[in-house]
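J.: Enclosed is the structure file data-v2.cif (mmCIF, C-alpha atoms).
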data_final
loop_
_atom_site.group_PDB
_atom_site.id
_atom_site.type_symbol
_atom_site.label_atom_id
_atom_site.label_comp_id
_atom_site.auth_asym_id
_atom_site.auth_seq_id
_atom_site.Cartn_x
_atom_site.Cartn_y
_atom_site.Cartn_z
ATOM 1 C CA MET O 3 0.000 0.000 0.000
ATOM 2 C CA SER O 4 1.385 3.363 -0.911
ATOM 3 C CA HIS O 5 0.519 6.814 0.304
ATOM 4 C CA ALA O 6 -0.627 7.722 -3.223
ATOM 5 C CA ASP O 7 -3.080 4.779 -3.260
ATOM 6 C CA LEU O 8 -4.541 5.842 0.061
ATOM 7 C CA ARG O 9 -4.780 9.482 -1.062
ATOM 8 C CA GLU O 10 -6.581 8.389 -4.260
ATOM 9 C CA LEU O 11 -9.057 6.305 -2.254
ATOM 10 C CA ARG O 12 -9.802 9.144 0.151
ATOM 11 C CA GLY O 13 -10.226 11.636 -2.693
ATOM 12 C CA ALA O 14 -12.579 9.376 -4.632
ATOM 13 C CA LEU O 15 -14.685 8.645 -1.553
ATOM 14 C CA HIS O 16 -14.841 12.329 -0.696
ATOM 15 C CA THR O 17 -15.976 13.170 -4.241
ATOM 16 C CA ALA O 18 -18.602 10.402 -4.199
ATOM 17 C CA SER O 19 -19.857 11.594 -0.824
ATOM 18 C CA ASP O 20 -20.148 15.195 -2.030
ATOM 19 C CA ILE O 21 -22.103 14.121 -5.102
ATOM 20 C CA ALA O 22 -24.396 11.828 -3.097
ATOM 21 C CA PHE O 23 -25.242 14.468 -0.485
ATOM 22 C CA ALA O 24 -25.900 17.064 -3.195
ATOM 23 C CA LEU O 25 -28.571 14.885 -4.830
ATOM 24 C CA ASP O 26 -32.164 15.968 -4.466
ATOM 25 C CA ALA O 27 -34.834 13.639 -3.132
ATOM 26 C CA THR O 28 -36.082 13.335 -6.695
ATOM 27 C CA ALA O 29 -34.414 11.100 -9.227
ATOM 28 C CA PRO O 30 -30.891 12.299 -10.074
ATOM 29 C CA SER O 31 -30.136 13.510 -13.571
ATOM 30 C CA PRO O 32 -28.236 11.169 -15.879
ATOM 31 C CA GLN O 33 -25.185 13.416 -15.540
ATOM 32 C CA GLU O 34 -25.308 13.276 -11.722
ATOM 33 C CA SER O 35 -25.710 9.510 -11.796
ATOM 34 C CA GLU O 36 -22.771 9.149 -14.160
ATOM 35 C CA GLN O 37 -20.561 11.372 -11.982
ATOM 36 C CA LEU O 38 -21.455 9.354 -8.897
ATOM 37 C CA VAL O 39 -20.774 6.043 -10.628
ATOM 38 C CA ASP O 40 -17.403 7.331 -11.919
ATOM 39 C CA ALA O 41 -16.372 8.469 -8.423
ATOM 40 C CA LEU O 42 -17.413 5.147 -6.909
ATOM 41 C CA GLN O 43 -15.530 3.204 -9.587
ATOM 42 C CA ARG O 44 -12.412 5.275 -8.855
ATOM 43 C CA ALA O 45 -12.835 4.501 -5.160
ATOM 44 C CA LEU O 46 -13.259 0.793 -5.873
ATOM 45 C CA ALA O 47 -10.163 0.712 -8.095
ATOM 46 C CA ALA O 48 -8.161 2.534 -5.410
ATOM 47 C CA ALA O 49 -9.404 0.100 -2.756
ATOM 48 C CA HIS O 50 -8.302 -2.840 -4.913
ATOM 49 C CA ALA O 51 -4.890 -1.208 -5.337
ATOM 50 C CA LEU O 52 -4.486 -1.078 -1.552
ATOM 51 C CA GLY O 53 -4.763 -4.845 -1.355
ATOM 52 C CA ALA O 54 -2.749 -5.536 -4.482
ATOM 53 C CA GLY O 55 0.228 -6.587 -2.388
ATOM 54 C CA HIS O 56 3.391 -6.878 -4.402
ATOM 55 C CA GLY O 57 1.900 -6.374 -7.857
ATOM 56 C CA ALA O 58 3.133 -8.096 -10.981
ATOM 57 C CA THR O 59 6.782 -8.026 -9.916
ATOM 58 C CA GLY O 60 6.241 -9.790 -6.608
ATOM 59 C CA CYS O 61 8.671 -7.260 -5.159
ATOM 60 C CA ALA O 62 8.056 -5.385 -1.920
ATOM 61 C CA ARG O 63 10.390 -2.536 -2.945
ATOM 62 C CA HIS O 64 9.080 -2.100 -6.506
ATOM 63 C CA PRO O 65 5.521 -3.496 -6.588
ATOM 64 C CA ARG O 66 4.616 -1.518 -9.692
ATOM 65 C CA GLY O 67 7.976 -1.867 -11.381
ATOM 66 C CA ALA O 68 8.697 -3.595 -14.647
ATOM 67 C CA VAL O 69 8.884 -7.372 -14.943
ATOM 68 C CA ASP O 70 12.283 -8.623 -16.111
ATOM 69 C CA PRO O 71 11.870 -9.827 -19.714
ATOM 70 C CA LEU O 72 14.238 -12.726 -18.992
ATOM 71 C CA TYR O 73 12.013 -14.056 -16.213
ATOM 72 C CA GLY O 74 10.761 -17.455 -17.328
ATOM 73 C CA ASP O 75 13.033 -17.532 -20.402
ATOM 74 C CA LYS O 76 14.044 -21.176 -20.873
ATOM 75 C CA GLU O 77 16.944 -20.352 -23.216
ATOM 76 C CA ASP O 78 18.498 -17.653 -21.009
ATOM 77 C CA PRO O 79 17.237 -18.276 -17.465
ATOM 78 C CA LEU O 80 17.856 -15.962 -14.549
ATOM 79 C CA PRO O 81 20.162 -17.183 -11.782
ATOM 80 C CA PRO O 82 18.509 -19.168 -8.980
ATOM 81 C CA GLY O 83 16.782 -16.987 -6.407
ATOM 82 C CA TRP O 84 16.246 -14.027 -8.718
ATOM 83 C CA GLY O 85 12.683 -12.748 -8.957
ATOM 84 C CA ARG O 86 10.590 -11.015 -11.601
ATOM 85 C CA CYS O 87 11.496 -7.422 -10.658
ATOM 86 C CA LEU O 88 13.583 -5.817 -13.402
ATOM 87 C CA LEU O 89 14.854 -3.076 -11.073
ATOM 88 C CA CYS O 90 16.155 -5.531 -8.467
ATOM 89 C CA ASN O 91 17.600 -7.853 -11.101
ATOM 90 C CA ASP O 92 19.344 -4.932 -12.797
ATOM 91 C CA ALA O 93 20.900 -3.945 -9.459
ATOM 92 C CA ARG O 94 22.090 -7.557 -9.056
ATOM 93 C CA ARG O 95 23.570 -7.543 -12.565
ATOM 94 C CA ARG O 96 25.451 -4.302 -11.842
ATOM 95 C CA ALA O 97 26.753 -5.625 -8.523
ATOM 96 C CA ASN O 98 27.926 -8.848 -10.169
ATOM 97 C CA ALA O 99 29.668 -6.897 -12.922
ATOM 98 C CA GLN O 100 31.483 -4.708 -10.369
ATOM 99 C CA ARG O 101 32.615 -7.791 -8.433
ATOM 100 C CA ARG O 102 34.045 -9.265 -11.640
ATOM 101 C CA GLY O 103 35.917 -6.004 -12.309
ATOM 102 C CA GLY O 104 33.676 -4.983 -15.166
ATOM 103 C CA ARG O 105 31.782 -1.804 -15.437
#
Mind converting the file's structure to structure tokens?
T.:
Amino acid sequence: MSHADLRELRGALHTASDIAFALDATAPSPQESEQLVDALQRALAAAHALGAGHGATGCARHPRGAVDPLYGDKEDPLPPGWGRCLLCNDARRRANAQRRGGR
């Protein structure tokens, strides 16, 4: 969960609440209904993002980072213990290159 996800959820709920309390007792206009539905969908998407855990990368540090294109490659597999996170794997590659005296 990130601070941005929580801020998005709070903002969407606040917007939905404002729209709902501004409705008259009569049937809302199509535009009002659409605005309310949009705000609620934003809130729902933000709520799902809070529970998304480690995202596609499976990485706690970079949950929304890029997935390493070599992950799952049978012809050029990643070393044992490496995950799907491209950012972490790139840092490992750089560290290994420095240990070997490369750049």
J.: Report the residues retrieved by the PyMOL selection byres ((chain O and resi 17) around 10) from the displayed file, expressed as a compact mmCIF listing (two decimals) with C-alpha atoms, in the frame of the given file.
T.:
# COMPACT_ATOMS: atom_id res chain seq x y z
CA LEU O 11 -9.06 6.30 -2.25
CA ARG O 12 -9.80 9.14 0.15
CA GLY O 13 -10.23 11.64 -2.69
CA ALA O 14 -12.58 9.38 -4.63
CA LEU O 15 -14.68 8.64 -1.55
CA HIS O 16 -14.84 12.33 -0.70
CA ALA O 18 -18.60 10.40 -4.20
CA SER O 19 -19.86 11.59 -0.82
CA ASP O 20 -20.15 15.20 -2.03
CA ILE O 21 -22.10 14.12 -5.10
CA ALA O 22 -24.40 11.83 -3.10
CA GLN O 37 -20.56 11.37 -11.98
CA LEU O 38 -21.46 9.35 -8.90
CA ASP O 40 -17.40 7.33 -11.92
CA ALA O 41 -16.37 8.47 -8.42
CA LEU O 42 -17.41 5.15 -6.91
CA ARG O 44 -12.41 5.28 -8.86
CA ALA O 45 -12.84 4.50 -5.16
J.: Please expand the PyMOL selection byres ((chain O and resi 66-74) around 8) into the concrete residues it hits in this file, giving the result as a list in words.
T.: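 Taken over the shown coordinates, the PyMOL selection byres ((chain O and resi 66-74) around 8) returns His56, Gly57, Ala58, Thr59, His64, Pro65, Asp75, Lys76, Asp78, Pro79, Leu80, Gly85, Arg86, Cys87, Leu88, Leu89 and Asn91 of chain O.
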J.: For O:Trp84, which of O:Cys61, O:Leu8, O:Ala99, O:Ala24 is the closest residue, counting all atoms listed in the file?
T.: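 Distance minimum relative to O:Trp84 lands on O:Cys61.
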J.: Using Å and a single decimal, report how far atom CA of O:Asp26 sits from atom CA of O:Gln43.
T.: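 Separating atom CA of O:Gln43 from atom CA of O:Asp26 is a distance of 21.6 Å.
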J.: Just the number, please: distance in Å from atom CA of O:Leu52 to atom CA of O:Asp7, one decimal.
T.: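 Separation of atom CA of O:Leu52 and atom CA of O:Asp7: 6.3 Å.
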J.: Quick one, how far is atom CA of O:Gly60 from atom CA of O:Gln100?
T.: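 A separation of 26.0 Å between them.
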J.: Measuring between only C-alpha atoms, which one of O:Pro82, O:Val39, O:Ala27, O:Ala51 shows the shortest distance to O:His5?
T.: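 Answer, going by the shortest atom-to-atom distance: O:Ala51.
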J.: Check the smallest atom-to-atom distance from each of O:His50, O:Ala62, O:Phe23, O:Arg94 to O:Pro81 using only C-alpha atoms, then report the winner.
T.: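 Answer, going by the shortest atom-to-atom distance: O:Arg94.
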J.: Could you write out as AutoDock Vina command-line options the box around stretch 55-74 of chain O (axis-aligned, all atoms listed in the file, 8 Å on each side), with centre and edge lengths in Å to one decimal?
T.:
--center_x 7.2 --center_y -9.5 --center_z -10.8 --size_x 30.0 --size_y 31.9 --size_z 33.8
J.: Can you fill out stretch 67-90 of chain O with N, CA, C and O atoms and hand it back as a PDB file, keeping the file's coordinate frame?
T.:
ATOM      1  N   GLY O  67       6.858  -1.950 -10.453  1.00  0.00           N
ATOM      2  CA  GLY O  67       7.976  -1.867 -11.381  1.00  0.00           C
ATOM      3  C   GLY O  67       7.768  -2.779 -12.580  1.00  0.00           C
ATOM      4  O   GLY O  67       6.772  -3.485 -12.701  1.00  0.00           O
ATOM      5  N   ALA O  68       8.755  -2.771 -13.434  1.00  0.00           N
ATOM      6  CA  ALA O  68       8.697  -3.595 -14.647  1.00  0.00           C
ATOM      7  C   ALA O  68       9.105  -5.031 -14.330  1.00  0.00           C
ATOM      8  O   ALA O  68       9.928  -5.282 -13.457  1.00  0.00           O
ATOM      9  N   VAL O  69       8.523  -5.959 -15.065  1.00  0.00           N
ATOM     10  CA  VAL O  69       8.884  -7.372 -14.943  1.00  0.00           C
ATOM     11  C   VAL O  69      10.079  -7.622 -15.860  1.00  0.00           C
ATOM     12  O   VAL O  69      10.101  -7.189 -17.014  1.00  0.00           O
ATOM     13  N   ASP O  70      11.080  -8.310 -15.342  1.00  0.00           N
ATOM     14  CA  ASP O  70      12.283  -8.623 -16.111  1.00  0.00           C
ATOM     15  C   ASP O  70      11.895  -9.479 -17.310  1.00  0.00           C
ATOM     16  O   ASP O  70      11.277 -10.531 -17.149  1.00  0.00           O
ATOM     17  N   PRO O  71      12.255  -9.045 -18.524  1.00  0.00           N
ATOM     18  CA  PRO O  71      11.870  -9.827 -19.714  1.00  0.00           C
ATOM     19  C   PRO O  71      12.528 -11.206 -19.767  1.00  0.00           C
ATOM     20  O   PRO O  71      12.046 -12.090 -20.475  1.00  0.00           O
ATOM     21  N   LEU O  72      13.598 -11.418 -19.013  1.00  0.00           N
ATOM     22  CA  LEU O  72      14.238 -12.726 -18.992  1.00  0.00           C
ATOM     23  C   LEU O  72      13.593 -13.679 -17.994  1.00  0.00           C
ATOM     24  O   LEU O  72      13.925 -14.867 -17.973  1.00  0.00           O
ATOM     25  N   TYR O  73      12.665 -13.181 -17.182  1.00  0.00           N
ATOM     26  CA  TYR O  73      12.013 -14.056 -16.213  1.00  0.00           C
ATOM     27  C   TYR O  73      11.201 -15.113 -16.956  1.00  0.00           C
ATOM     28  O   TYR O  73      10.371 -14.811 -17.798  1.00  0.00           O
ATOM     29  N   GLY O  74      11.477 -16.356 -16.680  1.00  0.00           N
ATOM     30  CA  GLY O  74      10.761 -17.455 -17.328  1.00  0.00           C
ATOM     31  C   GLY O  74      11.327 -17.859 -18.678  1.00  0.00           C
ATOM     32  O   GLY O  74      10.805 -18.764 -19.325  1.00  0.00           O
ATOM     33  N   ASP O  75      12.420 -17.208 -19.115  1.00  0.00           N
ATOM     34  CA  ASP O  75      13.033 -17.532 -20.402  1.00  0.00           C
ATOM     35  C   ASP O  75      13.819 -18.830 -20.258  1.00  0.00           C
ATOM     36  O   ASP O  75      14.769 -18.922 -19.486  1.00  0.00           O
ATOM     37  N   LYS O  76      13.408 -19.862 -20.978  1.00  0.00           N
ATOM     38  CA  LYS O  76      14.044 -21.176 -20.873  1.00  0.00           C
ATOM     39  C   LYS O  76      15.446 -21.192 -21.494  1.00  0.00           C
ATOM     40  O   LYS O  76      16.320 -21.911 -21.052  1.00  0.00           O
ATOM     41  N   GLU O  77      15.658 -20.372 -22.536  1.00  0.00           N
ATOM     42  CA  GLU O  77      16.944 -20.352 -23.216  1.00  0.00           C
ATOM     43  C   GLU O  77      17.996 -19.545 -22.463  1.00  0.00           C
ATOM     44  O   GLU O  77      19.191 -19.822 -22.563  1.00  0.00           O
ATOM     45  N   ASP O  78      17.572 -18.513 -21.742  1.00  0.00           N
ATOM     46  CA  ASP O  78      18.498 -17.653 -21.009  1.00  0.00           C
ATOM     47  C   ASP O  78      17.917 -17.394 -19.615  1.00  0.00           C
ATOM     48  O   ASP O  78      17.478 -16.282 -19.319  1.00  0.00           O
ATOM     49  N   PRO O  79      17.902 -18.425 -18.758  1.00  0.00           N
ATOM     50  CA  PRO O  79      17.237 -18.276 -17.465  1.00  0.00           C
ATOM     51  C   PRO O  79      17.998 -17.347 -16.517  1.00  0.00           C
ATOM     52  O   PRO O  79      19.207 -17.174 -16.632  1.00  0.00           O
ATOM     53  N   LEU O  80      17.258 -16.789 -15.599  1.00  0.00           N
ATOM     54  CA  LEU O  80      17.856 -15.962 -14.549  1.00  0.00           C
ATOM     55  C   LEU O  80      18.530 -16.880 -13.536  1.00  0.00           C
ATOM     56  O   LEU O  80      18.154 -18.047 -13.392  1.00  0.00           O
ATOM     57  N   PRO O  81      19.521 -16.365 -12.823  1.00  0.00           N
ATOM     58  CA  PRO O  81      20.162 -17.183 -11.782  1.00  0.00           C
ATOM     59  C   PRO O  81      19.158 -17.603 -10.708  1.00  0.00           C
ATOM     60  O   PRO O  81      18.151 -16.915 -10.485  1.00  0.00           O
ATOM     61  N   PRO O  82      19.412 -18.704 -10.034  1.00  0.00           N
ATOM     62  CA  PRO O  82      18.509 -19.168  -8.980  1.00  0.00           C
ATOM     63  C   PRO O  82      18.320 -18.098  -7.902  1.00  0.00           C
ATOM     64  O   PRO O  82      19.271 -17.420  -7.510  1.00  0.00           O
ATOM     65  N   GLY O  83      17.097 -17.942  -7.463  1.00  0.00           N
ATOM     66  CA  GLY O  83      16.782 -16.987  -6.407  1.00  0.00           C
ATOM     67  C   GLY O  83      16.411 -15.602  -6.902  1.00  0.00           C
ATOM     68  O   GLY O  83      15.968 -14.767  -6.119  1.00  0.00           O
ATOM     69  N   TRP O  84      16.611 -15.336  -8.176  1.00  0.00           N
ATOM     70  CA  TRP O  84      16.246 -14.027  -8.718  1.00  0.00           C
ATOM     71  C   TRP O  84      14.750 -14.022  -8.985  1.00  0.00           C
ATOM     72  O   TRP O  84      14.172 -15.012  -9.421  1.00  0.00           O
ATOM     73  N   GLY O  85      14.119 -12.875  -8.767  1.00  0.00           N
ATOM     74  CA  GLY O  85      12.683 -12.748  -8.957  1.00  0.00           C
ATOM     75  C   GLY O  85      12.322 -12.129 -10.287  1.00  0.00           C
ATOM     76  O   GLY O  85      13.132 -12.080 -11.221  1.00  0.00           O
ATOM     77  N   ARG O  86      11.100 -11.614 -10.362  1.00  0.00           N
ATOM     78  CA  ARG O  86      10.590 -11.015 -11.601  1.00  0.00           C
ATOM     79  C   ARG O  86      10.896  -9.532 -11.731  1.00  0.00           C
ATOM     80  O   ARG O  86      10.746  -8.956 -12.794  1.00  0.00           O
ATOM     81  N   CYS O  87      11.309  -8.873 -10.648  1.00  0.00           N
ATOM     82  CA  CYS O  87      11.496  -7.422 -10.658  1.00  0.00           C
ATOM     83  C   CYS O  87      12.717  -7.019 -11.480  1.00  0.00           C
ATOM     84  O   CYS O  87      13.855  -7.360 -11.147  1.00  0.00           O
ATOM     85  N   LEU O  88      12.495  -6.265 -12.542  1.00  0.00           N
ATOM     86  CA  LEU O  88      13.583  -5.817 -13.402  1.00  0.00           C
ATOM     87  C   LEU O  88      14.534  -4.886 -12.654  1.00  0.00           C
ATOM     88  O   LEU O  88      15.751  -4.967 -12.824  1.00  0.00           O
ATOM     89  N   LEU O  89      14.005  -4.017 -11.794  1.00  0.00           N
ATOM     90  CA  LEU O  89      14.854  -3.076 -11.073  1.00  0.00           C
ATOM     91  C   LEU O  89      15.802  -3.797 -10.120  1.00  0.00           C
ATOM     92  O   LEU O  89      16.995  -3.483 -10.065  1.00  0.00           O
ATOM     93  N   CYS O  90      15.300  -4.756  -9.382  1.00  0.00           N
ATOM     94  CA  CYS O  90      16.155  -5.531  -8.467  1.00  0.00           C
ATOM     95  C   CYS O  90      17.155  -6.386  -9.241  1.00  0.00           C
ATOM     96  O   CYS O  90      18.338  -6.465  -8.872  1.00  0.00           O
TER      97      CYS O  90
END
